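final-v6.cif follows (mmCIF, C-alpha atoms and all ligand atoms):
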data_input
loop_
_atom_site.label_atom_id
_atom_site.label_comp_id
_atom_site.auth_asym_id
_atom_site.auth_seq_id
_atom_site.Cartn_x
_atom_site.Cartn_y
_atom_site.Cartn_z
CA MET A 206 109.65 74.46 104.15
CA GLU A 207 113.36 73.62 103.68
CA LEU A 208 113.87 76.03 100.78
CA LEU A 209 112.13 78.83 102.67
CA LYS A 210 114.14 78.23 105.84
CA SER A 211 117.49 77.95 104.09
CA SER A 212 116.79 81.01 101.93
CA LEU A 213 115.91 83.14 104.96
CA HIS A 214 119.16 82.03 106.62
CA GLN A 215 121.29 82.84 103.58
CA ILE A 216 120.34 86.53 103.54
CA LYS A 217 123.23 88.77 104.56
CA PRO A 218 123.50 92.50 105.36
CA LEU A 219 124.64 94.93 102.66
CA TYR A 220 128.37 95.42 102.03
CA GLU A 221 129.03 98.50 104.22
CA ASP A 222 132.52 99.01 102.77
CA LYS A 223 131.09 99.14 99.23
CA ILE A 224 128.49 101.69 100.34
CA GLN A 225 131.28 103.89 101.74
CA GLU A 226 133.30 103.45 98.55
CA ALA A 227 130.24 104.40 96.48
CA TRP A 228 129.69 107.57 98.55
CA GLN A 229 133.33 108.54 98.05
CA ARG A 230 132.82 108.33 94.30
CA ILE A 231 129.41 110.03 94.39
CA ASP A 232 130.73 112.95 96.47
CA ASN A 233 133.67 113.33 94.12
CA LEU A 234 131.52 113.65 90.98
CA THR A 235 131.32 117.04 89.35
CA LYS A 236 128.22 118.38 91.16
CA PRO A 237 127.38 119.95 94.49
CA ILE A 238 127.27 117.39 97.30
CA GLY A 239 123.87 115.71 97.49
CA SER A 240 122.50 117.53 94.44
CA LEU A 241 121.34 114.35 92.69
CA GLY A 242 119.27 113.52 95.75
CA THR A 243 117.60 110.14 95.71
CA ILE A 244 119.58 109.03 92.62
CA GLU A 245 122.70 109.19 94.80
CA LYS A 246 121.13 107.17 97.61
CA ILE A 247 119.97 104.56 95.13
CA ALA A 248 123.48 104.24 93.66
CA ALA A 249 125.00 103.73 97.12
CA LYS A 250 122.38 101.16 98.11
CA ILE A 251 122.87 99.26 94.84
CA SER A 252 126.62 99.08 95.53
CA GLY A 253 125.87 97.70 98.99
CA ILE A 254 123.71 95.01 97.40
CA THR A 255 125.87 93.91 94.46
CA GLY A 256 129.34 94.86 95.67
CA ASN A 257 129.99 96.79 92.43
CA LEU A 258 130.17 100.57 92.00
CA VAL A 259 128.70 100.29 88.49
CA ASN A 260 126.21 97.67 87.32
CA ASP A 261 124.70 96.63 84.00
CA PHE A 262 121.19 95.42 84.60
CA ARG A 263 119.14 92.72 82.91
CA LYS A 264 115.60 93.38 84.08
CA ASN A 265 112.65 91.08 84.61
CA ILE A 266 109.20 91.68 86.13
CA VAL A 267 107.61 88.65 87.79
CA ILE A 268 103.81 88.75 87.58
CA MET A 269 102.08 86.41 90.02
CA CYS A 270 98.52 85.65 88.93
CA ALA A 271 95.87 84.13 91.19
CA ASP A 272 92.20 84.22 92.09
CA ASN A 273 90.78 85.12 95.48
CA GLY A 274 87.76 83.32 96.97
CA VAL A 275 86.73 86.47 98.83
CA VAL A 276 85.50 87.93 95.54
CA GLU A 277 82.20 86.09 96.12
CA GLU A 278 81.54 88.63 98.92
CA GLY A 279 81.19 91.41 96.33
CA VAL A 280 84.42 93.26 97.21
CA SER A 281 85.47 94.06 93.63
CA ALA A 282 83.96 96.02 90.79
CA CYS A 283 85.30 93.38 88.39
CA PRO A 284 84.16 89.81 87.79
CA LYS A 285 86.78 87.22 88.71
CA GLU A 286 87.07 86.13 85.04
CA ILE A 287 89.13 89.28 84.46
CA THR A 288 92.02 87.56 86.26
CA LYS A 289 92.18 84.89 83.55
CA ILE A 290 91.74 87.34 80.67
CA VAL A 291 94.41 89.82 81.82
CA THR A 292 96.81 86.95 82.64
CA GLN A 293 96.51 85.83 79.03
CA ASN A 294 96.93 89.38 77.78
CA PHE A 295 100.32 89.67 79.50
CA THR A 296 101.56 87.23 76.86
CA ARG A 297 100.11 89.33 74.02
CA GLY A 298 102.07 92.46 74.88
CA ILE A 299 98.98 94.64 75.27
CA THR A 300 98.58 95.35 79.00
CA GLY A 301 99.92 98.39 80.87
CA VAL A 302 102.96 96.61 82.26
CA CYS A 303 103.80 95.15 78.84
CA VAL A 304 104.02 98.51 77.10
CA PHE A 305 106.00 100.23 79.89
CA ALA A 306 108.36 97.26 80.31
CA ASP A 307 109.06 97.42 76.57
CA MET A 308 110.19 101.06 76.95
CA VAL A 309 113.05 100.02 79.25
CA GLN A 310 113.79 96.59 77.71
CA ALA A 311 112.50 94.65 80.71
CA ASP A 312 111.27 91.08 80.20
CA LEU A 313 108.19 89.61 81.87
CA THR A 314 107.71 86.33 83.71
CA VAL A 315 104.02 85.45 83.93
CA VAL A 316 103.25 82.88 86.62
CA ASP A 317 99.94 81.09 87.20
CA ILE A 318 100.22 80.45 90.92
CA GLY A 319 96.50 79.98 91.47
CA VAL A 320 94.20 81.23 88.74
CA ASP A 321 90.84 79.49 88.63
CA ALA A 322 91.28 78.61 84.96
CA GLU A 323 93.45 76.41 82.81
CA PHE A 324 95.92 77.97 80.40
CA ASN A 325 97.28 76.30 77.35
CA ASN A 326 99.94 78.90 76.85
CA PRO A 327 103.68 78.14 76.92
CA LYS A 328 104.36 81.77 77.93
CA ILE A 329 102.50 81.28 81.22
CA ILE A 330 104.52 79.31 83.78
CA ASN A 331 102.30 76.77 85.50
CA LYS A 332 102.96 76.81 89.24
CA LYS A 333 99.33 76.45 90.22
CA ILE A 334 98.93 75.58 93.89
CA MET A 335 95.13 75.72 93.97
CA TRP A 336 92.37 76.89 91.66
CA GLY A 337 91.98 80.16 93.58
CA THR A 338 91.89 80.54 97.36
CA LYS A 339 88.90 79.92 99.60
CA ASN A 340 86.68 82.75 100.82
CA MET A 341 88.54 84.28 103.78
CA ALA A 342 85.31 85.83 105.08
CA LYS A 343 84.17 82.26 105.82
CA GLU A 344 87.36 80.23 106.40
CA PRO A 345 91.15 80.50 106.00
CA ALA A 346 92.10 81.41 102.43
CA MET A 347 94.47 78.44 102.30
CA GLU A 348 96.40 76.03 104.50
CA TYR A 349 99.69 77.01 106.12
CA LYS A 350 101.60 74.53 103.95
CA GLU A 351 100.03 75.98 100.79
CA ALA A 352 101.24 79.46 101.79
CA VAL A 353 104.74 78.05 102.38
CA ARG A 354 104.66 76.37 98.98
CA ALA A 355 103.54 79.61 97.30
CA ILE A 356 106.42 81.50 98.95
CA GLU A 357 108.81 78.80 97.75
CA VAL A 358 107.49 79.14 94.20
CA GLY A 359 108.52 82.82 94.34
CA ILE A 360 111.99 81.90 95.63
CA GLU A 361 112.40 79.29 92.86
CA ILE A 362 111.29 81.71 90.14
CA VAL A 363 113.86 84.32 91.23
CA ASP A 364 116.59 81.65 91.61
CA GLU A 365 115.91 80.63 87.99
CA LEU A 366 115.93 84.22 86.73
CA VAL A 367 119.24 84.91 88.46
CA LYS A 368 120.68 81.75 86.88
CA LYS A 369 119.59 83.10 83.49
CA GLY A 370 121.49 86.35 84.14
CA TYR A 371 118.73 88.68 85.33
CA ASN A 372 119.98 90.96 88.09
CA LEU A 373 117.18 93.50 88.61
CA ILE A 374 113.73 92.14 89.46
CA GLY A 375 110.31 93.80 89.46
CA THR A 376 107.18 92.51 91.17
CA GLY A 377 103.69 92.51 89.70
CA GLU A 378 100.43 90.64 90.10
CA MET A 379 97.01 90.04 88.66
CA GLY A 380 94.14 88.89 90.81
CA ILE A 381 90.68 90.30 91.13
CA GLY A 382 90.02 90.84 94.87
CA ASN A 383 93.66 91.24 95.84
CA THR A 384 93.31 94.78 97.21
CA THR A 385 90.98 93.21 99.82
CA THR A 386 93.50 90.54 100.79
CA SER A 387 96.36 93.07 100.82
CA ALA A 388 94.41 95.38 103.13
CA ALA A 389 93.67 92.45 105.46
CA VAL A 390 97.37 91.48 105.52
CA LEU A 391 98.32 95.08 106.37
CA CYS A 392 95.74 95.25 109.18
CA ALA A 393 97.00 91.98 110.61
CA LEU A 394 100.65 93.06 110.53
CA SER A 395 100.05 96.56 111.91
CA ASN A 396 97.80 98.28 114.41
CA LEU A 397 95.81 99.92 111.64
CA GLU A 398 92.03 99.68 111.32
CA ALA A 399 90.33 98.44 108.16
CA GLU A 400 88.66 101.86 107.73
CA VAL A 401 92.08 103.45 107.22
CA VAL A 402 93.64 101.00 104.78
CA VAL A 403 90.77 99.60 102.68
CA GLY A 404 90.37 101.43 99.38
CA LYS A 405 88.23 101.12 96.30
CA GLY A 406 90.66 98.89 94.40
CA ALA A 407 89.82 98.69 90.71
CA GLY A 408 86.73 100.90 91.43
CA LEU A 409 83.79 100.70 93.88
CA THR A 410 80.85 102.90 94.89
CA ASP A 411 80.91 104.40 98.41
CA GLU A 412 78.34 101.82 99.49
CA GLN A 413 80.42 98.90 98.13
CA HIS A 414 83.52 100.38 99.77
CA LYS A 415 81.80 100.32 103.18
CA HIS A 416 80.88 96.69 102.59
CA LYS A 417 84.50 95.86 101.64
CA ILE A 418 85.66 97.31 104.99
CA GLU A 419 83.20 95.05 106.80
CA VAL A 420 84.40 92.01 104.85
CA VAL A 421 88.03 92.70 105.83
CA LYS A 422 87.00 93.08 109.47
CA LYS A 423 85.03 89.84 109.34
CA ALA A 424 87.92 87.94 107.73
CA LEU A 425 90.26 89.14 110.49
CA TYR A 426 87.71 88.35 113.19
CA ILE A 427 86.89 84.81 112.15
CA ASN A 428 90.45 83.78 111.23
CA ARG A 429 92.36 85.50 114.06
CA PRO A 430 95.72 85.40 112.23
CA ASN A 431 98.84 85.23 114.37
CA THR A 432 100.17 88.74 113.88
CA LYS A 433 103.70 87.59 114.77
CA ASP A 434 103.73 85.03 111.96
CA PRO A 435 103.47 86.50 108.44
CA ILE A 436 102.99 83.01 106.97
CA ASP A 437 99.96 82.44 109.18
CA VAL A 438 98.65 85.87 108.10
CA LEU A 439 99.22 85.05 104.41
CA SER A 440 97.51 81.68 104.71
CA LYS A 441 94.45 82.98 106.55
CA VAL A 442 93.75 86.40 105.00
CA GLY A 443 96.27 86.68 102.14
CA GLY A 444 96.46 85.27 98.66
CA LEU A 445 98.64 83.04 96.51
CA ASP A 446 99.83 86.04 94.49
CA ILE A 447 100.96 87.91 97.62
CA ALA A 448 102.65 84.79 99.02
CA GLY A 449 104.42 84.12 95.71
CA LEU A 450 105.70 87.69 95.57
CA CYS A 451 106.81 87.45 99.21
CA GLY A 452 109.01 84.59 98.01
CA CYS A 453 110.39 86.77 95.21
CA PHE A 454 111.59 89.34 97.76
CA ILE A 455 113.24 86.57 99.80
CA GLY A 456 114.82 85.11 96.65
CA ALA A 457 116.16 88.46 95.51
CA ALA A 458 117.76 89.24 98.88
CA LYS A 459 119.26 85.75 99.04
CA ASN A 460 120.81 86.24 95.59
CA ARG A 461 121.96 89.83 96.36
CA VAL A 462 119.80 91.22 93.58
CA PRO A 463 117.81 94.49 93.89
CA ILE A 464 114.02 94.09 93.70
CA VAL A 465 111.33 96.70 93.00
CA ILE A 466 107.86 97.04 94.54
CA ASP A 467 105.04 98.14 92.25
CA GLY A 468 101.79 98.98 94.05
CA PHE A 469 99.61 98.12 97.02
CA ILE A 470 99.61 94.36 96.53
CA SER A 471 103.31 93.90 95.89
CA SER A 472 104.03 96.09 98.92
CA ALA A 473 101.90 93.74 101.06
CA ALA A 474 104.18 90.95 99.86
CA ALA A 475 107.27 93.03 100.65
CA LEU A 476 105.95 93.72 104.15
CA CYS A 477 105.51 89.98 104.80
CA ALA A 478 109.06 89.31 103.57
CA VAL A 479 110.55 92.07 105.73
CA ARG A 480 108.71 90.70 108.76
CA LEU A 481 110.19 87.27 108.03
CA ASN A 482 113.69 88.73 107.84
CA PRO A 483 114.26 92.49 108.40
CA LEU A 484 117.50 92.40 106.32
CA ILE A 485 115.36 92.04 103.19
CA LYS A 486 114.35 95.70 103.44
CA ASP A 487 117.80 96.75 102.23
CA TYR A 488 117.31 94.92 98.93
CA ILE A 489 113.96 96.56 98.14
CA PHE A 490 113.18 99.67 96.07
CA PRO A 491 109.57 100.90 96.07
CA SER A 492 108.73 102.47 92.69
CA HIS A 493 105.66 104.70 93.02
CA LEU A 494 103.07 105.51 95.67
CA SER A 495 99.91 103.68 94.68
CA ALA A 496 96.69 105.72 94.84
CA GLU A 497 95.17 103.00 97.03
CA PRO A 498 94.82 104.75 100.43
CA GLY A 499 96.58 102.00 102.38
CA ALA A 500 99.71 102.32 100.23
CA ARG A 501 101.30 105.08 102.32
CA TYR A 502 100.78 103.03 105.50
CA MET A 503 102.30 100.01 103.81
CA MET A 504 105.41 102.11 103.01
CA LYS A 505 105.58 103.29 106.61
CA GLU A 506 105.38 99.74 107.94
CA ILE A 507 108.12 98.60 105.55
CA GLY A 508 110.15 101.74 106.35
CA LEU A 509 110.88 102.84 102.77
CA GLU A 510 109.82 105.76 100.56
CA PRO A 511 108.62 105.39 96.97
CA MET A 512 110.58 107.19 94.24
CA VAL A 513 107.65 108.93 92.54
CA ASN A 514 103.91 109.54 92.83
CA LEU A 515 102.05 109.11 89.57
CA ASN A 516 98.61 108.42 91.11
CA MET A 517 98.72 104.98 89.50
CA ARG A 518 96.66 102.04 90.76
CA LEU A 519 96.84 99.48 87.99
CA GLY A 520 99.05 96.84 89.58
CA GLU A 521 100.53 94.23 87.17
CA GLY A 522 104.03 95.57 87.96
CA SER A 523 103.27 98.64 85.85
CA GLY A 524 105.23 100.96 88.17
CA CYS A 525 108.42 98.89 88.02
CA PRO A 526 109.66 100.14 84.62
CA PHE A 527 109.71 103.72 85.96
CA ALA A 528 111.86 102.62 88.90
CA PHE A 529 114.11 100.65 86.53
CA PHE A 530 114.70 103.84 84.56
CA ILE A 531 115.65 105.75 87.72
CA ILE A 532 117.86 102.92 89.00
CA GLU A 533 119.63 102.80 85.65
CA ALA A 534 120.05 106.59 85.81
CA SER A 535 121.95 106.05 89.07
CA GLN A 536 124.29 103.64 87.27
CA LYS A 537 124.72 106.09 84.37
CA MET A 538 125.73 108.70 86.95
CA MET A 539 128.30 106.34 88.49
CA ARG A 540 129.70 105.31 85.10
CA ASP A 541 129.67 108.48 83.01
CA MET A 542 129.79 111.58 85.20
CA GLY A 543 133.21 113.15 85.54
CA SER A 544 134.96 113.46 88.86
CA PHE A 545 136.46 116.66 90.23
CA GLU A 546 139.81 115.52 88.92
CA ASP A 547 138.31 115.34 85.39
CA ALA A 548 136.42 118.65 85.52
CA ASN A 549 139.00 121.40 85.56
CA ILE A 550 136.75 124.36 84.60
CA VAL A 551 134.64 124.49 87.75
CA ASN A 552 137.04 122.52 89.84
CA ASP A 553 138.34 125.21 92.14
CA PHE A 554 134.92 126.72 92.76
CA LEU A 555 133.26 123.41 93.55
CA ILE A 556 136.09 122.24 95.75
CA ASP A 557 135.69 125.47 97.72
CA ILE A 558 132.00 124.73 98.19
CA ARG A 559 132.74 121.18 99.30
CA GLU A 560 135.27 122.32 101.82
CA GLU A 561 132.94 124.95 103.22
CA LYS A 562 130.26 122.29 103.61
CA ALA A 563 132.70 119.97 105.36
CA ILE A 564 133.44 122.71 107.90
O1 LIG B 601 98.78 97.70 92.92
C1 LIG B 601 97.93 98.55 93.17
O2 LIG B 601 98.21 99.58 93.78
C2 LIG B 601 96.50 98.30 92.71
C3 LIG B 601 95.47 99.08 93.20
C4 LIG B 601 94.20 98.82 92.74
C5 LIG B 601 93.95 97.74 91.88
N1 LIG B 601 94.97 96.98 91.43
C6 LIG B 601 94.72 95.86 90.48
O3 LIG B 601 93.32 95.61 90.38
C7 LIG B 601 93.01 94.29 90.79
C8 LIG B 601 92.50 94.27 92.18
O4 LIG B 601 91.45 95.18 92.39
P1 LIG B 601 90.20 94.70 93.23
O5 LIG B 601 89.31 95.91 93.29
O6 LIG B 601 89.58 93.56 92.48
O7 LIG B 601 90.72 94.31 94.55
C9 LIG B 601 94.29 93.51 90.72
O8 LIG B 601 94.38 92.78 89.53
C10 LIG B 601 95.39 94.55 90.86
O9 LIG B 601 96.44 94.26 89.98
C11 LIG B 601 96.24 97.24 91.84
C1 LIG B 602 91.31 95.54 82.66
C2 LIG B 602 91.99 95.30 83.98
C3 LIG B 602 93.38 95.18 84.00
C4 LIG B 602 94.01 94.98 85.21
N1 LIG B 602 95.30 94.81 85.55
C5 LIG B 602 95.41 94.63 86.84
N2 LIG B 602 94.19 94.66 87.36
C6 LIG B 602 93.29 94.87 86.41
C7 LIG B 602 91.91 94.99 86.40
C8 LIG B 602 91.25 95.21 85.17
C9 LIG B 602 89.76 95.36 85.15
#

What does this structure look like when you write it as structure tokens?
Amino acid sequence: MELLKSSLHQIKPLYEDKIQEAWQRIDNLTKPIGSLGTIEKIAAKISGITGNLVNDFRKNIVIMCADNGVVEEGVSACPKEITKIVTQNFTRGITGVCVFADMVQADLTVVDIGVDAEFNNPKIINKKIMWGTKNMAKEPAMEYKEAVRAIEVGIEIVDELVKKGYNLIGTGEMGIGNTTTSAAVLCALSNLEAEVVVGKGAGLTDEQHKHKIEVVKKALYINRPNTKDPIDVLSKVGGLDIAGLCGCFIGAAKNRVPIVIDGFISSAAALCAVRLNPLIKDYIFPSHLSAEPGARYMMKEIGLEPMVNLNMRLGEGSGCPFAFFIIEASQKMMRDMGSFEDANIVNDFLIDIREEKAI
């Protein structure tokens, strides 16, 4: 609990003066004011996080892998063994996140935080807390102290990555059943009904989808999570993967490092982190809008907008490389675009436009 407490206390607001300085530079670049839209906002936010107007990023996607006891209720189209198989495949370079991460030179950190299988693979970091959670439709998924430990694993992983020189983090996960736990976490932390936020995950029939809604309702009913305490929510109706990623968001904010959300599950983790300390929101960049129906509500609860909508719903962190590309574009803009002082051809015209706008 000490690491979690001290980390939450160490988180500071963004550097407002650096944000102002960034906007001065952005508005002085050779373009109409605001014309690079979200790229400009990203650049300013990054400056507020790191304190630098221009940043070189070393990128890493943390993939938290864990099993979920609730799968025995028939809430997923996939057998739970897929968790183990895909976790192994992350180390073979063949999954979705592997190939996209390769495009932008991002490294992967694969963490076994609770898979119900043993790995003999040096590329999988063993931080196993339990061999999968318990079935939340019957009892709490885990104990409070196990949720705290899982969060601390995430903090430790990011602390280590920052020590190694990584300064842009992505979040991914693998865990059959984790769209059920994520939906339950969202319901508990909002006023939303299960009907609105439960989706078909990796793929369900309409009939199975209805059953999944009932399972989420039952889990919330029997566990009665304390909606004011995200750790209680995580322990009762969450998962080890979500808790571990929640720790990654805390760790990133503590270390003043930007961190990217992938899909529905990693946004559930981000929501828990933001509820633990609202300052964390300013360190987070959502990548895409997951096709899972609850994703848009998750974004609303966090209070952020995703950069793109690609109708993706793979998880794994597969959306993070696209956000990395856009974030790096914002740094390219800050580094390489000319300022009005440099651009003498259109100078007078653009300055006129800027002055008109100012009036
Ligand atoms: O992140 C998302 O938006 C997302 C949406 C649907 C499914 N997934 C992935 O699919 C798995 C969970 O699906 P399910 O149906 O078993 O809950 C898990 O391994 C996730 O990585 C991920
Ligand atoms: C193949 C497969 C890959 C995945 N990656 C994340 N969730 C997944 C679910 C399946 C079924």

### Task
Name each residue within 10 Å of ligand LIG 602 (chain B), counting only C-alpha atoms and all ligand atoms, as number ranges by chain.
A: 270, 281-288, 290-292, 294-295, 300-302, 377-384, 406-408, 518-523

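Note that atom CA of Glu533 of chain A and atom CA of Pro237 of chain A are 20.8 Å apart.
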
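The spacing separating atom CA of Arg540 of chain A from atom CA of Val267 of chain A amounts to 27.8 Å.
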
### Query
Looking at only C-alpha atoms, which of A:Asp446, A:Asp272, A:Glu497, A:Asp261 is the one that sits closest to Arg354 of chain A?
A:Asp446

## Note on the structure
Restricting to only C-alpha atoms, whichever of A:Val316, A:Ala389, A:Leu409, A:Ile254 is closest to Val421 of chain A is A:Ala389

### Task
Extract, using only C-alpha atoms, all DNA, RNA and protein residues at most 9 Å from segment 466-477 of chain A, discarding same-chain residues fewer than 5 positions from it, and format them as a VMD selection string.
chain A and resid 375 to 378 383 to 384 386 to 388 390 to 391 394 434 to 436 438 to 439 446 to 455 482 485 to 486 489 to 501 503 to 504 506 to 507 511 517 to 525 528

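Using all atoms listed in the file, the smallest distance between any of A:His414, A:Arg461, A:Lys264, A:Lys210 and ligand LIG 601 (chain B) comes from A:His414.
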
Since fewer atoms than expected are present, regenerate N, CA and C atoms for segment 405-434 of chain A and write them as a PDB file, keeping the file's coordinate frame.
ATOM      1  N   LYS A 405      89.232 101.539  97.280  1.00  0.00           N
ATOM      2  CA  LYS A 405      88.230 101.120  96.300  1.00  0.00           C
ATOM      3  C   LYS A 405      88.784 100.203  95.215  1.00  0.00           C
ATOM      4  N   GLY A 406      90.064  99.851  95.341  1.00  0.00           N
ATOM      5  CA  GLY A 406      90.660  98.890  94.400  1.00  0.00           C
ATOM      6  C   GLY A 406      90.478  99.324  92.965  1.00  0.00           C
ATOM      7  N   ALA A 407      89.999  98.400  92.138  1.00  0.00           N
ATOM      8  CA  ALA A 407      89.820  98.690  90.710  1.00  0.00           C
ATOM      9  C   ALA A 407      88.608  99.614  90.483  1.00  0.00           C
ATOM     10  N   GLY A 408      87.857  99.959  91.566  1.00  0.00           N
ATOM     11  CA  GLY A 408      86.730 100.900  91.430  1.00  0.00           C
ATOM     12  C   GLY A 408      85.482 100.381  92.113  1.00  0.00           C
ATOM     13  N   LEU A 409      85.006 101.110  93.164  1.00  0.00           N
ATOM     14  CA  LEU A 409      83.790 100.700  93.880  1.00  0.00           C
ATOM     15  C   LEU A 409      82.964 101.949  94.195  1.00  0.00           C
ATOM     16  N   THR A 410      81.675 101.791  94.393  1.00  0.00           N
ATOM     17  CA  THR A 410      80.850 102.900  94.890  1.00  0.00           C
ATOM     18  C   THR A 410      81.157 103.063  96.388  1.00  0.00           C
ATOM     19  N   ASP A 411      80.692 104.180  96.972  1.00  0.00           N
ATOM     20  CA  ASP A 411      80.910 104.400  98.410  1.00  0.00           C
ATOM     21  C   ASP A 411      80.262 103.282  99.228  1.00  0.00           C
ATOM     22  N   GLU A 412      79.087 102.891  98.797  1.00  0.00           N
ATOM     23  CA  GLU A 412      78.340 101.820  99.490  1.00  0.00           C
ATOM     24  C   GLU A 412      79.141 100.508  99.464  1.00  0.00           C
ATOM     25  N   GLN A 413      79.644 100.152  98.282  1.00  0.00           N
ATOM     26  CA  GLN A 413      80.420  98.900  98.130  1.00  0.00           C
ATOM     27  C   GLN A 413      81.722  98.978  98.936  1.00  0.00           C
ATOM     28  N   HIS A 414      82.286 100.175  99.006  1.00  0.00           N
ATOM     29  CA  HIS A 414      83.520 100.380  99.770  1.00  0.00           C
ATOM     30  C   HIS A 414      83.289 100.090 101.255  1.00  0.00           C
ATOM     31  N   LYS A 415      82.147 100.583 101.771  1.00  0.00           N
ATOM     32  CA  LYS A 415      81.800 100.320 103.180  1.00  0.00           C
ATOM     33  C   LYS A 415      81.683  98.816 103.421  1.00  0.00           C
ATOM     34  N   HIS A 416      81.048  98.138 102.473  1.00  0.00           N
ATOM     35  CA  HIS A 416      80.880  96.690 102.590  1.00  0.00           C
ATOM     36  C   HIS A 416      82.244  95.984 102.589  1.00  0.00           C
ATOM     37  N   LYS A 417      83.153  96.468 101.728  1.00  0.00           N
ATOM     38  CA  LYS A 417      84.500  95.860 101.640  1.00  0.00           C
ATOM     39  C   LYS A 417      85.221  95.984 102.992  1.00  0.00           C
ATOM     40  N   ILE A 418      85.052  97.123 103.658  1.00  0.00           N
ATOM     41  CA  ILE A 418      85.660  97.310 104.990  1.00  0.00           C
ATOM     42  C   ILE A 418      85.122  96.253 105.955  1.00  0.00           C
ATOM     43  N   GLU A 419      83.817  96.042 105.908  1.00  0.00           N
ATOM     44  CA  GLU A 419      83.200  95.050 106.800  1.00  0.00           C
ATOM     45  C   GLU A 419      83.714  93.636 106.507  1.00  0.00           C
ATOM     46  N   VAL A 420      83.912  93.352 105.236  1.00  0.00           N
ATOM     47  CA  VAL A 420      84.400  92.010 104.850  1.00  0.00           C
ATOM     48  C   VAL A 420      85.819  91.790 105.404  1.00  0.00           C
ATOM     49  N   VAL A 421      86.659  92.819 105.296  1.00  0.00           N
ATOM     50  CA  VAL A 421      88.030  92.700 105.830  1.00  0.00           C
ATOM     51  C   VAL A 421      87.972  92.480 107.345  1.00  0.00           C
ATOM     52  N   LYS A 422      87.120  93.234 108.014  1.00  0.00           N
ATOM     53  CA  LYS A 422      87.000  93.080 109.470  1.00  0.00           C
ATOM     54  C   LYS A 422      86.538  91.669 109.821  1.00  0.00           C
ATOM     55  N   LYS A 423      85.563  91.186 109.068  1.00  0.00           N
ATOM     56  CA  LYS A 423      85.030  89.840 109.340  1.00  0.00           C
ATOM     57  C   LYS A 423      86.110  88.780 109.118  1.00  0.00           C
ATOM     58  N   ALA A 424      86.864  88.918 108.033  1.00  0.00           N
ATOM     59  CA  ALA A 424      87.920  87.940 107.730  1.00  0.00           C
ATOM     60  C   ALA A 424      88.939  87.904 108.883  1.00  0.00           C
ATOM     61  N   LEU A 425      89.286  89.080 109.400  1.00  0.00           N
ATOM     62  CA  LEU A 425      90.260  89.140 110.490  1.00  0.00           C
ATOM     63  C   LEU A 425      89.657  88.551 111.772  1.00  0.00           C
ATOM     64  N   TYR A 426      88.369  88.816 111.979  1.00  0.00           N
ATOM     65  CA  TYR A 426      87.710  88.350 113.190  1.00  0.00           C
ATOM     66  C   TYR A 426      87.575  86.829 113.219  1.00  0.00           C
ATOM     67  N   ILE A 427      87.128  86.268 112.107  1.00  0.00           N
ATOM     68  CA  ILE A 427      86.890  84.810 112.150  1.00  0.00           C
ATOM     69  C   ILE A 427      88.185  84.000 112.053  1.00  0.00           C
ATOM     70  N   ASN A 428      89.209  84.564 111.414  1.00  0.00           N
ATOM     71  CA  ASN A 428      90.450  83.780 111.230  1.00  0.00           C
ATOM     72  C   ASN A 428      91.495  84.007 112.321  1.00  0.00           C
ATOM     73  N   ARG A 429      91.400  85.159 113.000  1.00  0.00           N
ATOM     74  CA  ARG A 429      92.360  85.500 114.060  1.00  0.00           C
ATOM     75  C   ARG A 429      93.802  85.139 113.688  1.00  0.00           C
ATOM     76  N   PRO A 430      94.339  85.742 112.622  1.00  0.00           N
ATOM     77  CA  PRO A 430      95.720  85.400 112.230  1.00  0.00           C
ATOM     78  C   PRO A 430      96.723  85.765 113.320  1.00  0.00           C
ATOM     79  N   ASN A 431      97.762  84.967 113.420  1.00  0.00           N
ATOM     80  CA  ASN A 431      98.840  85.230 114.370  1.00  0.00           C
ATOM     81  C   ASN A 431      99.687  86.380 113.808  1.00  0.00           C
ATOM     82  N   THR A 432      99.556  87.530 114.435  1.00  0.00           N
ATOM     83  CA  THR A 432     100.170  88.740 113.880  1.00  0.00           C
ATOM     84  C   THR A 432     101.696  88.701 113.944  1.00  0.00           C
ATOM     85  N   LYS A 433     102.233  87.730 114.682  1.00  0.00           N
ATOM     86  CA  LYS A 433     103.700  87.590 114.770  1.00  0.00           C
ATOM     87  C   LYS A 433     104.226  86.639 113.693  1.00  0.00           C
ATOM     88  N   ASP A 434     103.311  86.018 112.961  1.00  0.00           N
ATOM     89  CA  ASP A 434     103.730  85.030 111.960  1.00  0.00           C
ATOM     90  C   ASP A 434     103.152  85.404 110.579  1.00  0.00           C
TER      91      ASP A 434
END
